Amino acid sequence: MKRKSRFLSNGLGQLTIPLIAIALLIIFNLIRDPGFFEIGFSHNNDGNIVLAGNLISIINGASELAILAMGMTLVTAACGGQDISVGAAAAIAGSVFVKILKSAPSISGGIVILAFVCACIVAMLFGTFNGILVAVFKIQPMIATLILYTCGRSIAYWINGGATPTVSSPIITAIGGFIPGIPLPTPVIIVIVMAVLFKLLFHFTSLELFTQSVGINQSAARLNGINPTFIKLLSFIILGVCVAVAGSIGVSRLGLINHETLLIDIEMDTILAVAIGGNNLGGGRFKIGGSIIGAYVIQMLTITLYAMKVSSTDVKAYKAIVIILLVVIGSPVVKSKFSKMVSHIASRRAHEKGAEQS
């Protein structure tokens with residue numbers, strides 16, 4: 001019984017809610033439209049053979065959200081709060097990315113790498129700014145990041161002089177779309193690469209353990225030789241890298257930078273992805289995989305609503321209702337009561353079995 005209770009409170013049990021949500025959406029769509037998840041091949045605008053279908057649209061459309069959710073999970077776990085400036089910071093990173101590309105006479109692979117590195121550096125610097133406010137000055141994360149949330153898109157506007165320059169290059173098109181000869185969207189491949197990098201980071205370092213320790217009890221973590229300030233700061237810097245990746249993908253999809261619309265309103269979806277993934281928004285234990293699944297739950301829900309001909313103005317309302325239900329079901333209170341119910345049923349069955357044997 002105790003083992004079952006532990007399973008529900010941690011480990012794979014943490015993924016129960018997002019997996020159930022995915023399963024329910026899959027079943028609903030299969031009943032509504034048996035062909036909803038059909039995958040086929042088609043030709044894109046460049047004449048390349050690529051995968052197409054609602055499932056491809058879901059995993060492709062959620063790429064930026066999944067990447068941001070990975071970084072947000074670390075910040076949430078370490079700081080017990082969320083960064084609401086990721087969309088604005090992505091606009092800044094995207095503006096830097098475009099600025100470097102436009103400064104070159106031609107866009108080559110080397111220039112794209114340089115532009116991405118510069119975008120990463122800038123995003124990490126802004127992440128460090130947020131991290132200092134939270135880790136050093138002890139400001140609540142949502143309040144601290146409200147500063148960049150408010151002014152970030154204005155900064156992105158200034159970087160390119162208020163213009164919305166376009167970038168046209170086969171390399172940029174491949175980053176935002178498909179690499180010739182590979183039918184899977186490039187953003188999906190980037191998500192896989194990022195997930196692997198996080199896995200390797202946690203495997204070869206103690207960052208996962210240190211982050212959870214700081215999130216659970218930073219005083220105890222400090223007594224065990226862990227520097228909570230550094231861990232919190234590092235989590236914001238890593239989120240900065242994720243922001244740069246997401247911003248660069250967003251720019252590459254469109255072929256231009258629009259500081260007002262790039263990843264607009266993605267902040268709330270990122271926080272919801274972390275919550276749906278079974279992670280404690282108050283900090284502590286976390287699973288990156290849960291947040292990634294949470295991102296796909298949100299995107300699948302969005303695609304499902306559009307497939308049902310729900311207007312774009314109503315999608316947010318319907319999505320909010322479903323997500324509230326998922327978050328409430330996955331809340332510690334509900335989990336605790338469900339765990340007690342399972343333990344009670346198991347205990348009663350054991351008692352009945354013992355009575356039958358006697």
# chains A, B, ... in the order shown; residues from 1 in each chain; ligands from 1
>>> residues_around(residues="region 148-157 of chain A", least_positions_apart="6", cutoff="9 Å", atoms="only C-alpha atoms", output="PyMOL selection string")
chain A and resi 83-96+126+130+163-164+258-260
>>> residues_around(residues="region 309-326 of chain A", least_positions_apart="4", cutoff="12 Å", atoms="only C-alpha atoms", output="MDAnalysis selection string")
chainID A and resid 16:22 24:25 265 268:269 271:278 294:295 297:305 330:331 334:335
>>> atom_distance(atom1="CA of Gly289 (chain A)", atom2="CA of Gly240 (chain A)")
19.1 Å
>>> atom_distance(atom1="CA of Phe116 (chain A)", atom2="CA of Ile147 (chain A)")
24.4 Å
>>> closest_atom_pairs(of="region 92-180 of chain A", to="region 218-236 of chain A", cutoff="12 Å", atoms="only C-alpha atoms", output="tab-separated table")
residue	atom	partner	partner_atom	distance
A:Ala123	CA	A:Phe236	CA	9.8
A:Met124	CA	A:Phe236	CA	7.7
A:Leu125	CA	A:Phe236	CA	9.5
A:Phe126	CA	A:Phe236	CA	8.8
A:Gly127	CA	A:Phe236	CA	5.0
A:Thr128	CA	A:Phe236	CA	6.3
A:Phe129	CA	A:Phe236	CA	8.7
A:Asn130	CA	A:Phe236	CA	7.0
A:Gly131	CA	A:Leu233	CA	4.6
A:Ile132	CA	A:Leu233	CA	6.5
A:Leu133	CA	A:Leu233	CA	9.3
A:Val134	CA	A:Lys232	CA	7.7
A:Ala135	CA	A:Thr229	CA	5.0
A:Val136	CA	A:Thr229	CA	6.5
A:Phe137	CA	A:Thr229	CA	9.9
A:Lys138	CA	A:Thr229	CA	9.5
A:Pro141	CA	A:Phe236	CA	10.2
A:Ala144	CA	A:Phe236	CA	11.8
A:Thr145	CA	A:Phe236	CA	10.5
>>> write_last_selection(atoms="C-alpha atoms", output="compact mmCIF listing (two decimals), in the first residue's frame")
# COMPACT_ATOMS: atom_id res chain seq x y z
CA ALA A 123 18.92 36.03 -23.73
CA MET A 124 21.25 34.65 -21.05
CA LEU A 125 22.13 38.20 -19.97
CA PHE A 126 18.46 39.06 -19.56
CA GLY A 127 17.99 35.74 -17.78
CA THR A 128 20.84 36.70 -15.46
CA PHE A 129 19.10 40.03 -14.79
CA ASN A 130 15.91 38.20 -13.80
CA GLY A 131 17.91 35.68 -11.79
CA ILE A 132 19.72 38.39 -9.80
CA LEU A 133 16.43 40.02 -8.87
CA VAL A 134 15.09 36.66 -7.66
CA ALA A 135 18.16 34.99 -6.18
CA VAL A 136 20.06 37.98 -4.77
CA PHE A 137 17.35 40.53 -4.01
CA LYS A 138 14.78 37.87 -3.01
CA PRO A 141 9.84 35.51 -9.53
CA ALA A 144 10.75 40.28 -10.80
CA THR A 145 10.10 39.11 -14.35
>>> atom_distance(atom1="CA of Thr205 (chain A)", atom2="CA of Gly284 (chain A)")
17.5 Å
>>> select_by_dssp(residues="region 134-212 of chain A", states="alpha helix (DSSP H)", output="MDAnalysis selection string")
chainID A and resid 134:135 141:144 146:159 170:176 186:204 207:212
>>> write_last_selection(atoms="N, CA and C atoms", output="short mmCIF file (atom, residue, chain, number, x, y, z; two decimals), in the first residue's frame")
data_model
loop_
_atom_site.label_atom_id
_atom_site.label_comp_id
_atom_site.auth_asym_id
_atom_site.auth_seq_id
_atom_site.Cartn_x
_atom_site.Cartn_y
_atom_site.Cartn_z
N VAL A 134 15.72 37.74 -8.44
CA VAL A 134 15.09 36.66 -7.66
C VAL A 134 16.03 36.08 -6.62
N ALA A 135 17.25 35.72 -7.06
CA ALA A 135 18.16 34.99 -6.18
C ALA A 135 18.90 35.89 -5.19
N PRO A 141 9.54 35.64 -8.10
CA PRO A 141 9.84 35.51 -9.53
C PRO A 141 8.85 36.19 -10.47
N MET A 142 7.56 36.04 -10.21
CA MET A 142 6.58 36.62 -11.12
C MET A 142 6.65 38.16 -11.11
N ILE A 143 6.94 38.74 -9.95
CA ILE A 143 7.07 40.19 -9.84
C ILE A 143 8.37 40.65 -10.50
N ALA A 144 9.45 39.92 -10.24
CA ALA A 144 10.75 40.28 -10.80
C ALA A 144 10.74 40.26 -12.33
N LEU A 146 8.16 40.58 -14.20
CA LEU A 146 7.16 41.49 -14.73
C LEU A 146 7.81 42.70 -15.41
N ILE A 147 9.02 43.05 -14.95
CA ILE A 147 9.76 44.19 -15.53
C ILE A 147 10.06 43.93 -17.00
N LEU A 148 10.67 42.77 -17.27
CA LEU A 148 11.02 42.43 -18.66
C LEU A 148 9.77 42.12 -19.47
N TYR A 149 8.77 41.55 -18.84
CA TYR A 149 7.50 41.29 -19.53
C TYR A 149 6.89 42.60 -20.05
N THR A 150 7.03 43.65 -19.26
CA THR A 150 6.46 44.95 -19.62
C THR A 150 7.25 45.66 -20.71
N CYS A 151 8.57 45.64 -20.60
CA CYS A 151 9.40 46.44 -21.52
C CYS A 151 10.13 45.62 -22.57
N GLY A 152 10.07 44.29 -22.49
CA GLY A 152 10.87 43.45 -23.39
C GLY A 152 10.58 43.66 -24.87
N ARG A 153 9.33 43.75 -25.22
CA ARG A 153 8.98 43.90 -26.65
C ARG A 153 9.35 45.29 -27.17
N SER A 154 9.39 46.26 -26.28
CA SER A 154 9.87 47.59 -26.68
C SER A 154 11.37 47.54 -26.99
N ILE A 155 12.10 46.77 -26.18
CA ILE A 155 13.55 46.60 -26.42
C ILE A 155 13.75 45.90 -27.77
N ALA A 156 12.94 44.88 -28.03
CA ALA A 156 13.02 44.18 -29.32
C ALA A 156 12.73 45.13 -30.47
N TYR A 157 11.82 46.05 -30.25
CA TYR A 157 11.45 47.07 -31.25
C TYR A 157 12.64 47.98 -31.54
N TRP A 158 13.36 48.37 -30.50
CA TRP A 158 14.51 49.28 -30.67
C TRP A 158 15.67 48.61 -31.40
N ILE A 159 15.86 47.33 -31.19
CA ILE A 159 17.02 46.63 -31.76
C ILE A 159 17.06 46.76 -33.27
N PRO A 170 17.69 29.74 -47.74
CA PRO A 170 17.34 28.31 -47.64
C PRO A 170 17.64 27.74 -46.25
N ILE A 171 18.67 28.28 -45.60
CA ILE A 171 19.03 27.78 -44.26
C ILE A 171 17.95 28.16 -43.25
N ILE A 172 17.52 29.41 -43.31
CA ILE A 172 16.47 29.87 -42.38
C ILE A 172 15.17 29.12 -42.64
N THR A 173 14.85 28.94 -43.92
CA THR A 173 13.64 28.18 -44.28
C THR A 173 13.70 26.76 -43.75
N ALA A 174 14.89 26.15 -43.79
CA ALA A 174 15.06 24.78 -43.30
C ALA A 174 14.91 24.72 -41.78
N ILE A 175 15.40 25.74 -41.07
CA ILE A 175 15.28 25.75 -39.61
C ILE A 175 13.82 25.87 -39.18
N GLY A 176 13.07 26.71 -39.86
CA GLY A 176 11.67 26.90 -39.50
C GLY A 176 10.73 25.91 -40.14
N THR A 186 11.85 20.41 -38.88
CA THR A 186 13.09 20.71 -38.16
C THR A 186 12.83 21.13 -36.71
N PRO A 187 11.81 21.95 -36.40
CA PRO A 187 11.56 22.30 -35.00
C PRO A 187 11.36 21.08 -34.10
N VAL A 188 10.75 20.02 -34.64
CA VAL A 188 10.56 18.79 -33.85
C VAL A 188 11.91 18.16 -33.54
N ILE A 189 12.79 18.16 -34.53
CA ILE A 189 14.14 17.62 -34.32
C ILE A 189 14.88 18.43 -33.26
N ILE A 190 14.71 19.76 -33.29
CA ILE A 190 15.36 20.63 -32.30
C ILE A 190 14.84 20.33 -30.90
N VAL A 191 13.54 20.07 -30.76
CA VAL A 191 12.97 19.70 -29.45
C VAL A 191 13.64 18.42 -28.94
N ILE A 192 13.79 17.45 -29.81
CA ILE A 192 14.42 16.18 -29.43
C ILE A 192 15.86 16.42 -28.98
N VAL A 193 16.59 17.25 -29.72
CA VAL A 193 17.98 17.57 -29.37
C VAL A 193 18.04 18.25 -28.00
N MET A 194 17.14 19.21 -27.76
CA MET A 194 17.11 19.91 -26.48
C MET A 194 16.79 18.96 -25.33
N ALA A 195 15.84 18.05 -25.55
CA ALA A 195 15.48 17.08 -24.52
C ALA A 195 16.67 16.17 -24.19
N VAL A 196 17.40 15.76 -25.22
CA VAL A 196 18.58 14.92 -25.02
C VAL A 196 19.65 15.68 -24.25
N LEU A 197 19.85 16.95 -24.59
CA LEU A 197 20.84 17.77 -23.88
C LEU A 197 20.50 17.91 -22.40
N PHE A 198 19.22 18.12 -22.10
CA PHE A 198 18.80 18.19 -20.70
C PHE A 198 19.05 16.86 -20.00
N LYS A 199 18.74 15.78 -20.69
CA LYS A 199 18.96 14.44 -20.11
C LYS A 199 20.43 14.22 -19.81
N LEU A 200 21.29 14.60 -20.73
CA LEU A 200 22.74 14.45 -20.52
C LEU A 200 23.23 15.36 -19.40
N LEU A 201 22.68 16.58 -19.33
CA LEU A 201 23.05 17.51 -18.28
C LEU A 201 22.72 16.94 -16.91
N PHE A 202 21.55 16.35 -16.77
CA PHE A 202 21.14 15.78 -15.49
C PHE A 202 21.92 14.50 -15.18
N HIS A 203 22.30 13.79 -16.26
CA HIS A 203 23.02 12.52 -16.05
C HIS A 203 24.46 12.74 -15.60
N PHE A 204 25.12 13.72 -16.19
CA PHE A 204 26.55 13.92 -15.91
C PHE A 204 26.82 14.98 -14.84
N LEU A 207 22.87 18.64 -11.15
CA LEU A 207 21.98 19.79 -11.23
C LEU A 207 20.54 19.44 -10.84
N GLU A 208 20.06 18.30 -11.29
CA GLU A 208 18.68 17.90 -10.97
C GLU A 208 18.49 17.77 -9.46
N LEU A 209 19.43 17.09 -8.80
CA LEU A 209 19.35 16.90 -7.35
C LEU A 209 19.47 18.24 -6.63
N PHE A 210 20.42 19.07 -7.05
CA PHE A 210 20.63 20.36 -6.39
C PHE A 210 19.40 21.27 -6.56
N THR A 211 18.83 21.27 -7.77
CA THR A 211 17.66 22.10 -8.04
C THR A 211 16.48 21.69 -7.16
N GLN A 212 16.24 20.39 -7.08
CA GLN A 212 15.15 19.89 -6.25
C GLN A 212 15.40 20.18 -4.77
#
>>> residues_around(residues="Asn48 (chain A)", least_positions_apart="6", cutoff="10 Å", atoms="only C-alpha atoms", output="MDAnalysis selection string")
chainID A and resid 41:42 178:183
>>> write_last_selection(atoms="C-alpha atoms", output="mmCIF file, in the first residue's frame")
data_model
loop_
_atom_site.group_PDB
_atom_site.id
_atom_site.type_symbol
_atom_site.label_atom_id
_atom_site.label_comp_id
_atom_site.auth_asym_id
_atom_site.auth_seq_id
_atom_site.Cartn_x
_atom_site.Cartn_y
_atom_site.Cartn_z
ATOM 1 C CA PHE A 41 3.173 12.492 -47.353
ATOM 2 C CA SER A 42 2.843 15.703 -49.324
ATOM 3 C CA PHE A 178 12.005 21.107 -43.282
ATOM 4 C CA ILE A 179 15.562 20.084 -44.069
ATOM 5 C CA PRO A 180 15.596 18.790 -47.665
ATOM 6 C CA GLY A 181 15.461 14.995 -47.614
ATOM 7 C CA ILE A 182 14.138 14.822 -44.037
ATOM 8 C CA PRO A 183 10.306 14.602 -43.877
#
>>> residues_around(residues="Pro332 (chain A)", least_positions_apart="3", cutoff="12 Å", atoms="only C-alpha atoms", output="list in words")
Leu8, Ser9, Asn10, Gln14, Ile17, Ala275, Gly278, Asn279, Asn280, Leu281, Gly282, Val327, Val328, Ile329, Lys335, Ser336, Lys337, Phe338 and Ser339 of chain A
>>> decode(residues="region 132-171 of chain A", atoms="N, CA and C atoms", output="PDB file, in the first residue's frame")
ATOM      1  N   ILE A 132      19.157  37.573 -10.889  1.00  0.00           N
ATOM      2  CA  ILE A 132      19.715  38.389  -9.804  1.00  0.00           C
ATOM      3  C   ILE A 132      18.599  38.984  -8.956  1.00  0.00           C
ATOM      4  N   LEU A 133      17.549  39.457  -9.611  1.00  0.00           N
ATOM      5  CA  LEU A 133      16.425  40.017  -8.867  1.00  0.00           C
ATOM      6  C   LEU A 133      15.799  38.971  -7.943  1.00  0.00           C
ATOM      7  N   VAL A 134      15.725  37.739  -8.443  1.00  0.00           N
ATOM      8  CA  VAL A 134      15.087  36.665  -7.661  1.00  0.00           C
ATOM      9  C   VAL A 134      16.032  36.083  -6.619  1.00  0.00           C
ATOM     10  N   ALA A 135      17.249  35.718  -7.057  1.00  0.00           N
ATOM     11  CA  ALA A 135      18.162  34.985  -6.177  1.00  0.00           C
ATOM     12  C   ALA A 135      18.900  35.887  -5.190  1.00  0.00           C
ATOM     13  N   VAL A 136      19.268  37.082  -5.616  1.00  0.00           N
ATOM     14  CA  VAL A 136      20.059  37.982  -4.766  1.00  0.00           C
ATOM     15  C   VAL A 136      19.164  38.929  -3.972  1.00  0.00           C
ATOM     16  N   PHE A 137      18.200  39.547  -4.678  1.00  0.00           N
ATOM     17  CA  PHE A 137      17.355  40.533  -4.011  1.00  0.00           C
ATOM     18  C   PHE A 137      16.064  39.932  -3.437  1.00  0.00           C
ATOM     19  N   LYS A 138      15.900  38.605  -3.627  1.00  0.00           N
ATOM     20  CA  LYS A 138      14.778  37.867  -3.009  1.00  0.00           C
ATOM     21  C   LYS A 138      13.408  38.381  -3.440  1.00  0.00           C
ATOM     22  N   ILE A 139      13.290  38.852  -4.681  1.00  0.00           N
ATOM     23  CA  ILE A 139      12.010  39.309  -5.203  1.00  0.00           C
ATOM     24  C   ILE A 139      11.258  38.101  -5.766  1.00  0.00           C
ATOM     25  N   GLN A 140       9.970  38.045  -5.508  1.00  0.00           N
ATOM     26  CA  GLN A 140       9.165  36.930  -6.000  1.00  0.00           C
ATOM     27  C   GLN A 140       9.299  36.854  -7.527  1.00  0.00           C
ATOM     28  N   PRO A 141       9.543  35.639  -8.100  1.00  0.00           N
ATOM     29  CA  PRO A 141       9.841  35.508  -9.532  1.00  0.00           C
ATOM     30  C   PRO A 141       8.851  36.193 -10.467  1.00  0.00           C
ATOM     31  N   MET A 142       7.561  36.040 -10.211  1.00  0.00           N
ATOM     32  CA  MET A 142       6.583  36.625 -11.121  1.00  0.00           C
ATOM     33  C   MET A 142       6.649  38.155 -11.111  1.00  0.00           C
ATOM     34  N   ILE A 143       6.940  38.736  -9.950  1.00  0.00           N
ATOM     35  CA  ILE A 143       7.072  40.191  -9.844  1.00  0.00           C
ATOM     36  C   ILE A 143       8.371  40.648 -10.496  1.00  0.00           C
ATOM     37  N   ALA A 144       9.450  39.915 -10.244  1.00  0.00           N
ATOM     38  CA  ALA A 144      10.753  40.280 -10.796  1.00  0.00           C
ATOM     39  C   ALA A 144      10.738  40.258 -12.326  1.00  0.00           C
ATOM     40  N   THR A 145      10.103  39.238 -12.897  1.00  0.00           N
ATOM     41  CA  THR A 145      10.100  39.108 -14.354  1.00  0.00           C
ATOM     42  C   THR A 145       9.022  39.967 -15.015  1.00  0.00           C
ATOM     43  N   LEU A 146       8.163  40.576 -14.199  1.00  0.00           N
ATOM     44  CA  LEU A 146       7.160  41.488 -14.735  1.00  0.00           C
ATOM     45  C   LEU A 146       7.813  42.695 -15.413  1.00  0.00           C
ATOM     46  N   ILE A 147       9.023  43.055 -14.947  1.00  0.00           N
ATOM     47  CA  ILE A 147       9.756  44.191 -15.526  1.00  0.00           C
ATOM     48  C   ILE A 147      10.055  43.931 -17.003  1.00  0.00           C
ATOM     49  N   LEU A 148      10.669  42.768 -17.272  1.00  0.00           N
ATOM     50  CA  LEU A 148      11.018  42.430 -18.658  1.00  0.00           C
ATOM     51  C   LEU A 148       9.765  42.121 -19.473  1.00  0.00           C
ATOM     52  N   TYR A 149       8.767  41.551 -18.843  1.00  0.00           N
ATOM     53  CA  TYR A 149       7.501  41.292 -19.526  1.00  0.00           C
ATOM     54  C   TYR A 149       6.894  42.598 -20.052  1.00  0.00           C
ATOM     55  N   THR A 150       7.034  43.654 -19.259  1.00  0.00           N
ATOM     56  CA  THR A 150       6.456  44.946 -19.617  1.00  0.00           C
ATOM     57  C   THR A 150       7.249  45.664 -20.706  1.00  0.00           C
ATOM     58  N   CYS A 151       8.574  45.635 -20.597  1.00  0.00           N
ATOM     59  CA  CYS A 151       9.398  46.439 -21.515  1.00  0.00           C
ATOM     60  C   CYS A 151      10.135  45.624 -22.571  1.00  0.00           C
ATOM     61  N   GLY A 152      10.074  44.286 -22.494  1.00  0.00           N
ATOM     62  CA  GLY A 152      10.869  43.452 -23.387  1.00  0.00           C
ATOM     63  C   GLY A 152      10.581  43.656 -24.865  1.00  0.00           C
ATOM     64  N   ARG A 153       9.326  43.753 -25.224  1.00  0.00           N
ATOM     65  CA  ARG A 153       8.976  43.895 -26.645  1.00  0.00           C
ATOM     66  C   ARG A 153       9.353  45.289 -27.171  1.00  0.00           C
ATOM     67  N   SER A 154       9.391  46.263 -26.281  1.00  0.00           N
ATOM     68  CA  SER A 154       9.872  47.593 -26.683  1.00  0.00           C
ATOM     69  C   SER A 154      11.367  47.536 -26.988  1.00  0.00           C
ATOM     70  N   ILE A 155      12.101  46.771 -26.175  1.00  0.00           N
ATOM     71  CA  ILE A 155      13.545  46.596 -26.424  1.00  0.00           C
ATOM     72  C   ILE A 155      13.754  45.898 -27.766  1.00  0.00           C
ATOM     73  N   ALA A 156      12.941  44.879 -28.029  1.00  0.00           N
ATOM     74  CA  ALA A 156      13.023  44.177 -29.319  1.00  0.00           C
ATOM     75  C   ALA A 156      12.732  45.135 -30.474  1.00  0.00           C
ATOM     76  N   TYR A 157      11.816  46.050 -30.247  1.00  0.00           N
ATOM     77  CA  TYR A 157      11.451  47.067 -31.248  1.00  0.00           C
ATOM     78  C   TYR A 157      12.643  47.982 -31.544  1.00  0.00           C
ATOM     79  N   TRP A 158      13.362  48.373 -30.498  1.00  0.00           N
ATOM     80  CA  TRP A 158      14.510  49.281 -30.666  1.00  0.00           C
ATOM     81  C   TRP A 158      15.667  48.613 -31.402  1.00  0.00           C
ATOM     82  N   ILE A 159      15.858  47.328 -31.190  1.00  0.00           N
ATOM     83  CA  ILE A 159      17.019  46.634 -31.760  1.00  0.00           C
ATOM     84  C   ILE A 159      17.058  46.759 -33.272  1.00  0.00           C
ATOM     85  N   ASN A 160      15.889  46.650 -33.906  1.00  0.00           N
ATOM     86  CA  ASN A 160      15.829  46.757 -35.363  1.00  0.00           C
ATOM     87  C   ASN A 160      15.237  48.083 -35.821  1.00  0.00           C
ATOM     88  N   GLY A 161      15.327  49.091 -34.965  1.00  0.00           N
ATOM     89  CA  GLY A 161      14.897  50.423 -35.331  1.00  0.00           C
ATOM     90  C   GLY A 161      13.426  50.552 -35.635  1.00  0.00           C
ATOM     91  N   GLY A 162      12.619  49.717 -35.014  1.00  0.00           N
ATOM     92  CA  GLY A 162      11.178  49.780 -35.223  1.00  0.00           C
ATOM     93  C   GLY A 162      10.706  49.096 -36.488  1.00  0.00           C
ATOM     94  N   ALA A 163      11.627  48.517 -37.256  1.00  0.00           N
ATOM     95  CA  ALA A 163      11.252  47.844 -38.508  1.00  0.00           C
ATOM     96  C   ALA A 163      10.935  46.378 -38.248  1.00  0.00           C
ATOM     97  N   THR A 164      10.334  45.734 -39.224  1.00  0.00           N
ATOM     98  CA  THR A 164      10.088  44.291 -39.163  1.00  0.00           C
ATOM     99  C   THR A 164      10.793  43.636 -40.355  1.00  0.00           C
ATOM    100  N   PRO A 165      12.126  43.603 -40.309  1.00  0.00           N
ATOM    101  CA  PRO A 165      12.890  43.102 -41.453  1.00  0.00           C
ATOM    102  C   PRO A 165      12.660  41.620 -41.712  1.00  0.00           C
ATOM    103  N   THR A 166      12.711  41.260 -42.983  1.00  0.00           N
ATOM    104  CA  THR A 166      12.572  39.857 -43.379  1.00  0.00           C
ATOM    105  C   THR A 166      13.951  39.251 -43.621  1.00  0.00           C
ATOM    106  N   VAL A 167      14.028  37.958 -43.463  1.00  0.00           N
ATOM    107  CA  VAL A 167      15.268  37.237 -43.753  1.00  0.00           C
ATOM    108  C   VAL A 167      14.918  36.078 -44.682  1.00  0.00           C
ATOM    109  N   SER A 168      15.534  36.066 -45.830  1.00  0.00           N
ATOM    110  CA  SER A 168      15.237  35.036 -46.824  1.00  0.00           C
ATOM    111  C   SER A 168      16.502  34.235 -47.116  1.00  0.00           C
ATOM    112  N   SER A 169      16.440  32.947 -46.796  1.00  0.00           N
ATOM    113  CA  SER A 169      17.594  32.071 -47.009  1.00  0.00           C
ATOM    114  C   SER A 169      17.129  30.619 -46.922  1.00  0.00           C
ATOM    115  N   PRO A 170      17.692  29.740 -47.737  1.00  0.00           N
ATOM    116  CA  PRO A 170      17.339  28.315 -47.636  1.00  0.00           C
ATOM    117  C   PRO A 170      17.638  27.744 -46.248  1.00  0.00           C
ATOM    118  N   ILE A 171      18.674  28.279 -45.598  1.00  0.00           N
ATOM    119  CA  ILE A 171      19.032  27.778 -44.258  1.00  0.00           C
ATOM    120  C   ILE A 171      17.954  28.164 -43.252  1.00  0.00           C
TER     121      ILE A 171
END
